[in-house]
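Everything on this sheet refers to the single structure shown next.
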Amino acid sequence: MKPRTILRHFRESLKSLGRNGWMTFASVSAVTVTLLLVGVFVVLMLNMNKIASDIEKDVEVRVLVELGAEEPQIEELQTNIEQINGIESIDFSSKEDELRNLMEDMGEDFRLFEQDNPLYDVFIVKAENPVETQRIANEIKGFENVNDALYGEAKIERLFSFLQMSRNVGLVLIIGLLFTAMFLISNTIKITIVARRKEIEIMKLVGATNWFVRWPFILEGLWLGVLGSIIPIAIVSTGYYYAYQFIEPKLRNHFIQILDYTPFIYQVNFLIILMGCLIGAWGSFMSVRKFLRV
């Protein structure tokens, strides 16, 4: 395509935005609202995924060793556990360590158990994939000198189900909002095309190619997407900044964290403007297609 032709397409697309001022405003407003909702959902969903991953990584199996097990039997048990597929780490905590941790958490009242410690030696096992926790726990329960393998079975299964459902719902909502924005832009461009149908017919009759006719409308949709992304970027960036400043200090000493403000917010802003451009251009492309049949 010649540079002069490209400049002509750019001029025509910008002129069309000015000629259809109210329709441009209505379309940009609709895209702004849609992209704002998409941006908020993306921020929430990605942070939910981050928190979910942190929670999943904290899931562990506590293997209680039989009280009568000798040191060679404990070493053999550790070897057997290490041979299970999907183990990320295995740590040993003696019953003395367990009592010490209990006293730190619950108070010195438990010191009276030092002479006759009723606790178990424990192996703390983490899976490479948290979803495999149940399988690993069931395998460990079959080994000798294992009293039990605890991982909060009911709570963990409910947690994994809830996290998966949340991810799926968030993804469906975002896709739905994107299609809504595409529909709005498509209809706006369609109204513009109907008003210029005669012009398109004349261009086609004098030999203009389909792509020569398409490009100004595709660029117009792209401008609508870009303009509609400005306010969402500003609101999402500002809102997440204050949310991060408020939430991050409260989670600093916990095992879960939200995503750092940078580079996360730059990635979200790029995604918003990219979605605006894509849905604008695609919406225009789809709406102009039916009017090219002369």
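Naming works like this for the structure tokens: A, B, ... for the chains as they're shown, residue 1 at the start of each chain, ligands 1 onward in shown order.
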Can you pull out every residue within 8 Å of stretch 167-178 of chain A, counting only C-alpha atoms, but drop anything in the same chain fewer than 2 positions away, and send it as an MDAnalysis selection string? chainID A and resid 34:35 37:38 41:42 45 49 163:165 180:182 275 279
| request: Identify, with DSSP run on backbone atoms, the residues in stretch 127-260 of chain A assigned to strand (DSSP E), and express the list as a list in words. | output: Ala127, Val146, Asn147, Asp148, Ala149 and Leu150 of chain A
Write out, as a PDB file, in the first residue's frame, the residues just selected, with N, CA, C and O atoms.
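Printed below is part05.pdb as written:
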```
ATOM      1  N   ALA A 127       3.509 -30.871  47.629  1.00  0.00           N
ATOM      2  CA  ALA A 127       3.419 -31.387  46.265  1.00  0.00           C
ATOM      3  C   ALA A 127       3.834 -30.316  45.267  1.00  0.00           C
ATOM      4  O   ALA A 127       3.645 -29.121  45.511  1.00  0.00           O
ATOM      5  N   VAL A 146       3.342 -45.244  59.474  1.00  0.00           N
ATOM      6  CA  VAL A 146       2.593 -43.997  59.309  1.00  0.00           C
ATOM      7  C   VAL A 146       1.322 -44.084  60.133  1.00  0.00           C
ATOM      8  O   VAL A 146       0.501 -44.977  59.910  1.00  0.00           O
ATOM      9  N   ASN A 147       1.162 -43.164  61.082  1.00  0.00           N
ATOM     10  CA  ASN A 147      -0.066 -43.129  61.876  1.00  0.00           C
ATOM     11  C   ASN A 147      -1.199 -42.477  61.080  1.00  0.00           C
ATOM     12  O   ASN A 147      -2.331 -42.959  61.088  1.00  0.00           O
ATOM     13  N   ASP A 148      -0.864 -41.373  60.390  1.00  0.00           N
ATOM     14  CA  ASP A 148      -1.866 -40.692  59.567  1.00  0.00           C
ATOM     15  C   ASP A 148      -1.170 -39.686  58.666  1.00  0.00           C
ATOM     16  O   ASP A 148      -0.010 -39.296  58.907  1.00  0.00           O
ATOM     17  N   ALA A 149      -1.843 -39.261  57.614  1.00  0.00           N
ATOM     18  CA  ALA A 149      -1.352 -38.205  56.719  1.00  0.00           C
ATOM     19  C   ALA A 149      -2.456 -37.165  56.615  1.00  0.00           C
ATOM     20  O   ALA A 149      -3.486 -37.402  55.980  1.00  0.00           O
ATOM     21  N   LEU A 150      -2.242 -36.022  57.247  1.00  0.00           N
ATOM     22  CA  LEU A 150      -3.290 -35.008  57.378  1.00  0.00           C
ATOM     23  C   LEU A 150      -3.037 -33.850  56.418  1.00  0.00           C
ATOM     24  O   LEU A 150      -1.913 -33.360  56.305  1.00  0.00           O
TER      25      LEU A 150
END
```
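If only C-alpha atoms are the atoms counted, then among A:Leu7, A:Ala69, A:Leu184, A:Ile124 the closest residue to A:Ala30 is A:Leu184.
Restricting the calculation to only C-alpha atoms, the smallest distance between A:Trp282 and any of A:Arg214, A:Thr262, A:Thr238, A:Pro249 is found for A:Arg214.
Of the residues listed (A:Val61, A:Gln73, A:Asn210, A:Trp22), A:Val61 shows the shortest atom-to-atom separation from A:Asp91; distances use only C-alpha atoms.
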